[in-house]
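Q: Below you'll find input38.pdb; it's PDB, C-alpha atoms and all ligand atoms.
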ATOM      1  CA  MET A   1     -15.074 -34.037 -19.464
ATOM      2  CA  TYR A   2     -14.659 -30.887 -17.339
ATOM      3  CA  LYS A   3     -18.367 -30.219 -17.825
ATOM      4  CA  ASP A   4     -19.267 -33.194 -15.609
ATOM      5  CA  PHE A   5     -17.123 -31.924 -12.737
ATOM      6  CA  ILE A   6     -18.671 -28.477 -13.084
ATOM      7  CA  ASP A   7     -22.226 -29.885 -13.284
ATOM      8  CA  ASN A   8     -21.667 -31.914 -10.115
ATOM      9  CA  TYR A   9     -20.448 -28.818  -8.287
ATOM     10  CA  LEU A  10     -23.390 -26.704  -9.478
ATOM     11  CA  LYS A  11     -25.896 -29.362  -8.442
ATOM     12  CA  ALA A  12     -24.321 -29.850  -5.007
ATOM     13  CA  HIS A  13     -24.268 -26.118  -4.265
ATOM     14  CA  ASN A  14     -27.497 -25.108  -5.990
ATOM     15  CA  HIS A  15     -25.877 -22.667  -8.404
ATOM     16  CA  LYS A  16     -26.996 -22.163 -11.998
ATOM     17  CA  ALA A  17     -23.524 -21.386 -13.304
ATOM     18  CA  ILE A  18     -19.976 -20.523 -12.403
ATOM     19  CA  ASN A  19     -19.546 -16.869 -13.330
ATOM     20  CA  LEU A  20     -15.753 -16.921 -13.170
ATOM     21  CA  LYS A  21     -14.144 -13.697 -11.963
ATOM     22  CA  ALA A  22     -11.236 -14.848  -9.796
ATOM     23  CA  VAL A  23      -8.814 -17.671  -9.106
ATOM     24  CA  LEU A  24      -7.711 -18.160  -5.480
ATOM     25  CA  PHE A  25      -4.317 -19.783  -5.111
ATOM     26  CA  ASP A  26      -2.949 -21.599  -2.104
ATOM     27  CA  MET A  27       0.802 -20.982  -1.806
ATOM     28  CA  ASP A  28       2.918 -23.863  -0.375
ATOM     29  CA  GLY A  29       2.867 -26.779  -2.784
ATOM     30  CA  VAL A  30       0.966 -24.769  -5.412
ATOM     31  CA  LEU A  31       3.015 -21.624  -6.160
ATOM     32  CA  PHE A  32       6.231 -22.619  -4.373
ATOM     33  CA  ASN A  33       7.804 -26.062  -4.130
ATOM     34  CA  SER A  34       8.256 -25.768  -0.379
ATOM     35  CA  MET A  35       6.520 -28.946   0.701
ATOM     36  CA  PRO A  36       9.554 -31.247   0.415
ATOM     37  CA  TYR A  37      11.352 -28.963   2.925
ATOM     38  CA  HIS A  38       8.377 -28.944   5.286
ATOM     39  CA  ALA A  39       7.935 -32.708   5.068
ATOM     40  CA  THR A  40      11.598 -33.552   5.661
ATOM     41  CA  SER A  41      11.771 -31.057   8.566
ATOM     42  CA  TRP A  42       8.704 -32.523  10.251
ATOM     43  CA  HIS A  43       9.935 -36.068   9.725
ATOM     44  CA  LYS A  44      13.409 -35.348  11.073
ATOM     45  CA  VAL A  45      12.492 -33.235  14.098
ATOM     46  CA  MET A  46       9.468 -35.246  15.234
ATOM     47  CA  THR A  47      11.455 -38.473  15.047
ATOM     48  CA  GLN A  48      14.278 -36.865  17.057
ATOM     49  CA  HIS A  49      11.726 -36.023  19.753
ATOM     50  CA  GLY A  50      10.459 -39.603  19.915
ATOM     51  CA  LEU A  51       7.404 -39.003  17.747
ATOM     52  CA  PRO A  52       7.813 -41.089  14.588
ATOM     53  CA  MET A  53       6.233 -39.352  11.615
ATOM     54  CA  SER A  54       6.869 -40.215   7.976
ATOM     55  CA  MET A  55       7.345 -37.602   5.268
ATOM     56  CA  GLU A  56       4.140 -38.833   3.615
ATOM     57  CA  GLU A  57       2.226 -38.160   6.823
ATOM     58  CA  ALA A  58       3.579 -34.609   6.895
ATOM     59  CA  TYR A  59       1.975 -34.062   3.478
ATOM     60  CA  LEU A  60      -1.371 -35.286   4.811
ATOM     61  CA  HIS A  61      -1.245 -32.755   7.669
ATOM     62  CA  GLU A  62      -0.091 -29.799   5.574
ATOM     63  CA  GLY A  63      -1.806 -26.644   6.802
ATOM     64  CA  ARG A  64      -2.556 -27.948  10.285
ATOM     65  CA  THR A  65      -1.167 -25.788  13.109
ATOM     66  CA  GLY A  66       2.159 -26.886  14.611
ATOM     67  CA  ALA A  67       0.475 -27.788  17.898
ATOM     68  CA  GLY A  68      -2.264 -29.709  16.098
ATOM     69  CA  THR A  69       0.239 -31.793  14.170
ATOM     70  CA  ILE A  70       2.420 -32.491  17.208
ATOM     71  CA  ASN A  71      -0.544 -33.513  19.374
ATOM     72  CA  LEU A  72      -1.927 -35.820  16.730
ATOM     73  CA  VAL A  73       1.274 -37.852  16.743
ATOM     74  CA  ALA A  74       1.749 -37.461  20.525
ATOM     75  CA  ARG A  75      -1.671 -38.971  21.232
ATOM     76  CA  ARG A  76      -0.890 -41.880  18.917
ATOM     77  CA  THR A  77       2.640 -42.519  20.203
ATOM     78  CA  TRP A  78       2.518 -41.458  23.849
ATOM     79  CA  GLY A  79      -1.206 -41.810  24.527
ATOM     80  CA  ARG A  80      -1.341 -38.181  25.684
ATOM     81  CA  GLU A  81      -1.147 -34.651  24.365
ATOM     82  CA  ALA A  82       2.227 -32.918  24.312
ATOM     83  CA  THR A  83       2.830 -30.306  26.996
ATOM     84  CA  GLU A  84       3.080 -26.670  26.019
ATOM     85  CA  GLU A  85       6.803 -26.836  26.657
ATOM     86  CA  GLU A  86       7.220 -29.883  24.399
ATOM     87  CA  ILE A  87       5.154 -28.234  21.679
ATOM     88  CA  ASN A  88       7.198 -25.026  21.831
ATOM     89  CA  GLN A  89      10.499 -26.916  21.669
ATOM     90  CA  ILE A  90       9.479 -29.225  18.818
ATOM     91  CA  TYR A  91       7.960 -26.414  16.786
ATOM     92  CA  LYS A  92      11.004 -24.233  17.334
ATOM     93  CA  ASP A  93      13.276 -27.067  16.141
ATOM     94  CA  LYS A  94      11.053 -27.711  13.137
ATOM     95  CA  THR A  95      11.067 -24.038  12.163
ATOM     96  CA  SER A  96      14.827 -23.838  12.482
ATOM     97  CA  GLU A  97      15.308 -27.041  10.448
ATOM     98  CA  PHE A  98      12.993 -25.680   7.748
ATOM     99  CA  SER A  99      14.830 -22.350   7.697
ATOM    100  CA  SER A 100      18.153 -24.073   7.056
ATOM    101  CA  ASN A 101      16.939 -24.787   3.513
ATOM    102  CA  PRO A 102      17.364 -22.354   0.630
ATOM    103  CA  PRO A 103      14.189 -20.440  -0.358
ATOM    104  CA  ALA A 104      11.776 -22.761  -2.122
ATOM    105  CA  ALA A 105      11.721 -22.508  -5.903
ATOM    106  CA  PRO A 106       8.562 -21.520  -7.738
ATOM    107  CA  MET A 107       6.494 -24.530  -8.755
ATOM    108  CA  PRO A 108       7.084 -25.389 -12.423
ATOM    109  CA  GLY A 109       4.095 -24.246 -14.460
ATOM    110  CA  ALA A 110       2.900 -21.753 -11.838
ATOM    111  CA  LEU A 111       4.107 -18.569 -13.558
ATOM    112  CA  GLU A 112       2.717 -19.764 -16.890
ATOM    113  CA  VAL A 113      -0.783 -20.391 -15.596
ATOM    114  CA  LEU A 114      -0.783 -17.149 -13.566
ATOM    115  CA  GLN A 115       0.055 -15.209 -16.717
ATOM    116  CA  GLN A 116      -2.668 -16.987 -18.676
ATOM    117  CA  ILE A 117      -5.246 -16.192 -15.989
ATOM    118  CA  LYS A 118      -4.136 -12.575 -15.811
ATOM    119  CA  ALA A 119      -4.325 -12.241 -19.587
ATOM    120  CA  ASP A 120      -7.921 -13.473 -19.361
ATOM    121  CA  GLY A 121      -8.666 -10.475 -17.149
ATOM    122  CA  LEU A 122      -9.449 -12.482 -14.032
ATOM    123  CA  THR A 123      -8.565 -11.494 -10.473
ATOM    124  CA  ILE A 124      -5.776 -13.510  -8.861
ATOM    125  CA  MET A 125      -5.591 -13.930  -5.093
ATOM    126  CA  VAL A 126      -3.326 -15.870  -2.749
ATOM    127  CA  VAL A 127      -4.758 -17.538   0.350
ATOM    128  CA  THR A 128      -2.166 -18.998   2.681
ATOM    129  CA  GLY A 129      -1.733 -20.010   6.302
ATOM    130  CA  SER A 130       1.803 -18.670   6.106
ATOM    131  CA  GLY A 131       2.656 -15.583   8.136
ATOM    132  CA  GLN A 132       6.017 -14.611   6.677
ATOM    133  CA  LYS A 133       6.343 -10.839   6.579
ATOM    134  CA  SER A 134       8.306 -10.925   3.306
ATOM    135  CA  LEU A 135       5.618 -12.894   1.497
ATOM    136  CA  LEU A 136       4.510 -10.196  -0.922
ATOM    137  CA  ASN A 137       8.108  -9.324  -1.887
ATOM    138  CA  ARG A 138       8.822 -12.943  -2.565
ATOM    139  CA  LEU A 139       5.672 -13.364  -4.641
ATOM    140  CA  GLU A 140       6.505 -10.180  -6.544
ATOM    141  CA  SER A 141      10.078 -11.276  -7.287
ATOM    142  CA  LYS A 142       9.106 -14.713  -8.631
ATOM    143  CA  PHE A 143       5.735 -13.810 -10.160
ATOM    144  CA  PRO A 144       6.091 -10.146 -11.201
ATOM    145  CA  HIS A 145       2.937  -7.983 -11.419
ATOM    146  CA  ILE A 146       0.569 -10.811 -10.544
ATOM    147  CA  PHE A 147      -0.327 -10.286  -6.887
ATOM    148  CA  GLN A 148      -1.522  -7.290  -4.893
ATOM    149  CA  LYS A 149      -1.375  -6.702  -1.169
ATOM    150  CA  GLU A 150      -5.131  -6.045  -0.919
ATOM    151  CA  LEU A 151      -5.865  -9.365  -2.581
ATOM    152  CA  MET A 152      -3.979 -11.616  -0.170
ATOM    153  CA  VAL A 153      -5.168 -13.604   2.818
ATOM    154  CA  THR A 154      -2.393 -14.691   5.182
ATOM    155  CA  ALA A 155      -2.049 -15.923   8.769
ATOM    156  CA  PHE A 156      -2.441 -12.277   9.865
ATOM    157  CA  ASP A 157      -5.979 -12.043   8.468
ATOM    158  CA  VAL A 158      -7.684 -15.026  10.042
ATOM    159  CA  LYS A 159      -8.437 -16.573  13.391
ATOM    160  CA  PHE A 160      -8.984 -20.125  12.190
ATOM    161  CA  GLY A 161      -6.702 -21.776   9.681
ATOM    162  CA  LYS A 162      -7.608 -24.348   7.062
ATOM    163  CA  PRO A 163      -9.542 -26.747   7.162
ATOM    164  CA  ASN A 164     -11.847 -24.043   8.534
ATOM    165  CA  PRO A 165     -13.367 -22.213   5.544
ATOM    166  CA  GLU A 166     -12.516 -18.840   7.115
ATOM    167  CA  PRO A 167      -9.433 -18.057   4.942
ATOM    168  CA  TYR A 168     -11.390 -18.642   1.728
ATOM    169  CA  LEU A 169     -14.482 -16.838   3.022
ATOM    170  CA  MET A 170     -12.197 -13.920   3.850
ATOM    171  CA  ALA A 171     -10.790 -14.027   0.306
ATOM    172  CA  LEU A 172     -14.307 -13.878  -1.142
ATOM    173  CA  LYS A 173     -15.024 -10.885   1.067
ATOM    174  CA  LYS A 174     -11.798  -9.066   0.147
ATOM    175  CA  GLY A 175     -12.371  -9.748  -3.543
ATOM    176  CA  HIS A 176     -16.097  -8.866  -3.388
ATOM    177  CA  LEU A 177     -16.891 -12.289  -4.792
ATOM    178  CA  GLN A 178     -19.718 -14.774  -4.491
ATOM    179  CA  PRO A 179     -18.747 -18.446  -4.015
ATOM    180  CA  ASN A 180     -19.707 -19.253  -7.616
ATOM    181  CA  GLU A 181     -17.536 -16.443  -8.990
ATOM    182  CA  ALA A 182     -14.190 -18.057  -8.138
ATOM    183  CA  ILE A 183     -12.235 -21.275  -8.205
ATOM    184  CA  ILE A 184      -9.690 -22.430  -5.637
ATOM    185  CA  VAL A 185      -6.399 -24.175  -6.416
ATOM    186  CA  GLU A 186      -5.141 -26.360  -3.564
ATOM    187  CA  ASN A 187      -2.694 -29.230  -3.088
ATOM    188  CA  ALA A 188      -3.408 -30.392   0.479
ATOM    189  CA  PRO A 189      -6.349 -32.312   1.948
ATOM    190  CA  LEU A 190      -7.003 -29.681   4.657
ATOM    191  CA  GLY A 191      -6.886 -26.903   2.074
ATOM    192  CA  VAL A 192      -9.316 -28.761  -0.168
ATOM    193  CA  GLN A 193     -11.623 -29.235   2.835
ATOM    194  CA  ALA A 194     -11.485 -25.493   3.503
ATOM    195  CA  GLY A 195     -12.256 -24.635  -0.121
ATOM    196  CA  HIS A 196     -15.099 -27.116  -0.281
ATOM    197  CA  ALA A 197     -16.568 -25.819   2.993
ATOM    198  CA  ALA A 198     -16.430 -22.261   1.622
ATOM    199  CA  GLY A 199     -18.675 -23.464  -1.208
ATOM    200  CA  VAL A 200     -16.169 -22.604  -3.947
ATOM    201  CA  PHE A 201     -15.262 -24.915  -6.858
ATOM    202  CA  THR A 202     -12.026 -26.486  -5.608
ATOM    203  CA  LEU A 203      -9.419 -27.781  -8.017
ATOM    204  CA  ALA A 204      -6.932 -30.114  -6.352
ATOM    205  CA  VAL A 205      -3.477 -30.207  -7.901
ATOM    206  CA  ASN A 206      -1.708 -33.282  -6.555
ATOM    207  CA  THR A 207       1.868 -32.022  -6.443
ATOM    208  CA  GLY A 208       2.914 -34.332  -3.580
ATOM    209  CA  PRO A 209       3.236 -38.085  -2.980
ATOM    210  CA  MET A 210      -0.378 -38.577  -1.827
ATOM    211  CA  ASP A 211      -2.905 -40.901  -3.347
ATOM    212  CA  ASP A 212      -5.433 -38.912  -5.434
ATOM    213  CA  GLN A 213      -8.231 -40.484  -3.414
ATOM    214  CA  VAL A 214      -7.193 -38.515  -0.307
ATOM    215  CA  LEU A 215      -7.900 -35.276  -2.181
ATOM    216  CA  TRP A 216     -11.172 -36.532  -3.654
ATOM    217  CA  ASP A 217     -12.253 -37.613  -0.152
ATOM    218  CA  ALA A 218     -11.406 -34.118   1.153
ATOM    219  CA  GLY A 219     -14.003 -32.722  -1.269
ATOM    220  CA  ALA A 220     -12.085 -31.831  -4.445
ATOM    221  CA  ASP A 221     -14.408 -30.908  -7.327
ATOM    222  CA  MET A 222     -11.723 -31.713  -9.872
ATOM    223  CA  LEU A 223      -8.142 -32.991  -9.803
ATOM    224  CA  LEU A 224      -5.037 -32.474 -11.933
ATOM    225  CA  PRO A 225      -1.612 -34.104 -11.455
ATOM    226  CA  SER A 226       0.589 -30.981 -11.582
ATOM    227  CA  MET A 227       0.795 -27.243 -12.139
ATOM    228  CA  PRO A 228       2.099 -27.688 -15.730
ATOM    229  CA  ALA A 229      -1.039 -29.790 -16.345
ATOM    230  CA  PHE A 230      -3.123 -26.918 -14.948
ATOM    231  CA  SER A 231      -1.383 -24.527 -17.319
ATOM    232  CA  ASP A 232      -1.978 -26.887 -20.258
ATOM    233  CA  GLU A 233      -5.644 -27.347 -19.360
ATOM    234  CA  TRP A 234      -6.466 -23.817 -18.240
ATOM    235  CA  GLU A 235      -8.076 -22.743 -21.513
ATOM    236  CA  ASN A 236     -10.248 -25.881 -21.642
ATOM    237  CA  ILE A 237     -11.335 -25.445 -18.029
ATOM    238  CA  ARG A 238     -12.173 -21.777 -18.550
ATOM    239  CA  GLN A 239     -14.184 -22.527 -21.671
ATOM    240  CA  ALA A 240     -16.079 -25.343 -19.948
ATOM    241  CA  MET A 241     -17.049 -22.876 -17.200
ATOM    242  CA  ASN A 242     -18.102 -20.201 -19.689
ATOM    243  CA  LYS A 243     -20.366 -22.638 -21.493
ATOM    244  CA  GLN A 244     -22.571 -23.413 -18.493
TER     245      GLN A 244
HETATM  246 CA    CA A 301      -0.612 -26.001   0.209
END
Translate this structure into structure tokens?
Ligand code: CA

A:
Amino acid sequence: MYKDFIDNYLKAHNHKAINLKAVLFDMDGVLFNSMPYHATSWHKVMTQHGLPMSMEEAYLHEGRTGAGTINLVARRTWGREATEEEINQIYKDKTSEFSSNPPAAPMPGALEVLQQIKADGLTIMVVTGSGQKSLLNRLESKFPHIFQKELMVTAFDVKFGKPNPEPYLMALKKGHLQPNEAIIVENAPLGVQAGHAAGVFTLAVNTGPMDDQVLWDAGADMLLPSMPAFSDEWENIRQAMNKQ
């Protein structure tokens, strides 16, 4: 069944095969279970500022800039964009609300699949819109010996965030990879859009409360319900790609 998803990708992008060399991982909602904290913070703070936003909506906007998210709801609720002052205040409150949570736990299944991929000799990269300075330390402590500094794309590396393909194009460049030499693992619609626009086979892992259709509509080439499912299916996916 994975063959059909792969065939559709190859046809759409005019490639003969996926020559798998690397797996590019998004971070929030894929490696770390941080999305519930983000969603509750957005919901709470936006509502306090008179901009009603459900937790589900926060999941849909994951990866959008703070200003982009605030303005989207401001236009809908107030019929205008938020001022710079309003944006700064709301985003500051959201950040402080988010920071009041304990560090997010690793996503169940993430370490397992990372170890499987590493054992297969493939390159592993992380591509995130996050700009935390301690990112690599945190990755190293939860997923020892998996990630390397040179193989990371963070907020510091790019001008445009997801859904712009830039972060994934940058990852291809850093990893010396062609689009058909990698797959992307993403949980959010904007991240899937970015992966799709970069021309890379994009596996959506629906770890949030969203309808699967949202991720298909964003351009997912394949979809799994969870990271443990990805770990369970990894060998089958890899073999299906090798058989092309
Ligand atoms: Ca994500």

Q: Residues within 8 Å of ligand CA 301 (chain A) (all atoms listed in the file), as a PyMOL selection string?

A: chain A and resi 26-30+35+62-63+128+186-188+191

Q: Within 8 Å of stretch 157-172 of chain A, which residues of stretch 11-110 of chain A come that close, and what is the closest atom pair and distance in Å for each? Count all atoms listed in the file and give it as CSV.

A:
residue,atom,partner,partner_atom,distance
A:Leu24,CA,A:Ala171,CA,7.7
A:Gly63,CA,A:Lys162,CA,6.2
A:Arg64,CA,A:Lys162,CA,7.0
A:Thr65,CA,A:Gly161,CA,7.6

Q: Would you pick out the contacts of A:Glu85 at 12 Å or less, using all atoms listed in the file, so that residues sharing its chain but fewer than 6 positions from it are not included, and give the list as a PyMOL selection string?

A: chain A and resi 67+70+91-92

Q: Just the number, please: distance in Å from atom CA of A:Leu177 to atom CA of A:His13, one decimal.

A: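 Spanning atom CA of A:Leu177 to atom CA of A:His13 is a straight-line distance of 15.7 Å.
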
Q: How would you write, as a PDB file with C-alpha atoms, keeping the file's coordinate frame, the residues chosen by the PyMOL selection byres (((chain A and resi 243) around 10) and not hetatm) on this structure?

A:
ATOM      1  CA  LYS A   3     -18.367 -30.219 -17.825  1.00  0.00           C
ATOM      2  CA  ALA A  17     -23.524 -21.386 -13.304  1.00  0.00           C
ATOM      3  CA  ILE A  18     -19.976 -20.523 -12.403  1.00  0.00           C
ATOM      4  CA  ARG A 238     -12.173 -21.777 -18.550  1.00  0.00           C
ATOM      5  CA  GLN A 239     -14.184 -22.527 -21.671  1.00  0.00           C
ATOM      6  CA  ALA A 240     -16.079 -25.343 -19.948  1.00  0.00           C
ATOM      7  CA  MET A 241     -17.049 -22.876 -17.200  1.00  0.00           C
ATOM      8  CA  ASN A 242     -18.102 -20.201 -19.689  1.00  0.00           C
ATOM      9  CA  GLN A 244     -22.571 -23.413 -18.493  1.00  0.00           C
TER      10      GLN A 244
END

Q: Determine, counting all atoms listed in the file, which protein, DNA and RNA residues have an atom within 10 Å of an atom of A:Glu233; residues of the same chain fewer than 5 positions away are not included. Present the result as a ChimeraX atom specification.

A: /A:2,113,224,227-228,238

Q: Write to file, as a compact mmCIF listing (two decimals), keeping the file's coordinate frame, the residues of the selection just made, with C-alpha atoms.

A:
# COMPACT_ATOMS: atom_id res chain seq x y z
CA TYR A 2 -14.66 -30.89 -17.34
CA VAL A 113 -0.78 -20.39 -15.60
CA LEU A 224 -5.04 -32.47 -11.93
CA MET A 227 0.80 -27.24 -12.14
CA PRO A 228 2.10 -27.69 -15.73
CA ARG A 238 -12.17 -21.78 -18.55

Q: Can you list, as a list of chain:residue names, the residues that the PyMOL selection byres (((chain A and resi 44) around 12) and not hetatm) selects here?

A: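 Going through the file, the PyMOL selection byres (((chain A and resi 44) around 12) and not hetatm) ends up selecting A:Tyr37, A:His38, A:Ala39, A:Thr40, A:Ser41, A:Trp42, A:His43, A:Val45, A:Met46, A:Thr47, A:Gln48, A:His49, A:Gly50, A:Leu51, A:Pro52, A:Met53, A:Ser54, A:Met55, A:Ala58, A:Ile90, A:Tyr91, A:Asp93, A:Lys94, A:Thr95, A:Ser96, A:Glu97, A:Phe98.
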
Q: Please enumerate the residues selected by the PyMOL selection byres (((chain A and resi 148-156) around 6) and not hetatm) when evaluated against the supplied file, formatted as number ranges by chain.

A: A: 125-131, 147, 157-158

Q: Counting all atoms listed in the file, find residues at most 10 Å from (-13.9, -20.9, -7.4) (file frame) and give them as a list in words.

A: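 Residues with an atom at most 10 Å from (-13.9, -20.9, -7.4): Ile18, Asn19, Leu20, Lys21, Ala22, Val23, Leu24, Phe25, Tyr168, Leu172, Leu177, Gln178, Pro179, Asn180, Glu181, Ala182, Ile183, Ile184, Val185, Gly195, His196, Ala198, Gly199, Val200, Phe201, Thr202 and Leu203 of chain A.
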
Q: Atom CA of A:Gly121 to atom CA of A:Ser34: how many Å, to one decimal?

A: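 Interatomic distance here is 28.3 Å.
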
Q: Would you compute the distance between atom CA of A:Tyr9 and atom CA of A:Ala204? Give it in Å to one decimal.

A: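 Computed distance, atom CA of A:Tyr9 to atom CA of A:Ala204, equals 13.7 Å.
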
Q: So that I can check the surroundings of A:Glu81, please list as a PyMOL selection string every protein, DNA and RNA residue that reaches within 10 Å of it, counting all atoms listed in the file and ignoring chain neighbours fewer than 5 positions away.

A: chain A and resi 67-68+70-76+86-87

Q: Just the selected residues (C-alpha atoms), exported as a PDB file, keeping the file's coordinate frame, please.

A:
ATOM      1  CA  ALA A  67       0.475 -27.788  17.898  1.00  0.00           C
ATOM      2  CA  GLY A  68      -2.264 -29.709  16.098  1.00  0.00           C
ATOM      3  CA  ILE A  70       2.420 -32.491  17.208  1.00  0.00           C
ATOM      4  CA  ASN A  71      -0.544 -33.513  19.374  1.00  0.00           C
ATOM      5  CA  LEU A  72      -1.927 -35.820  16.730  1.00  0.00           C
ATOM      6  CA  VAL A  73       1.274 -37.852  16.743  1.00  0.00           C
ATOM      7  CA  ALA A  74       1.749 -37.461  20.525  1.00  0.00           C
ATOM      8  CA  ARG A  75      -1.671 -38.971  21.232  1.00  0.00           C
ATOM      9  CA  ARG A  76      -0.890 -41.880  18.917  1.00  0.00           C
ATOM     10  CA  GLU A  86       7.220 -29.883  24.399  1.00  0.00           C
ATOM     11  CA  ILE A  87       5.154 -28.234  21.679  1.00  0.00           C
TER      12      ILE A  87
END

Q: May I have the residues within 9 Å of A:Gly109 as a PyMOL selection string, using all atoms listed in the file and disregarding those fewer than 3 positions away in the same chain?

A: chain A and resi 31+106+112-114+226-232

Q: Could you give me the axis-aligned bounding box of stretch 94-100 of chain A, with 6 Å of padding per side, as centre plus edge lengths in Å to one decimal, as AutoDock Vina command-line options?

A:
--center_x 14.6 --center_y -25.0 --center_z 10.1 --size_x 19.1 --size_y 17.4 --size_z 18.1

Q: Could you tell me which of A:Glu235, A:Asp221, A:Asp7, A:Asp212 comes closest to A:Leu60 if we count only C-alpha atoms?

A: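 The shortest atom-to-atom distance to A:Leu60 comes from A:Asp212.
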
Q: Considering all atoms listed in the file, state which residue in the set A:Gln89, A:Asn14, A:Thr69, A:Asn33 is at the smallest distance from A:Thr207.

A: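 Of A:Gln89, A:Asn14, A:Thr69, A:Asn33, the one nearest A:Thr207 is A:Asn33, counting all atoms listed in the file.
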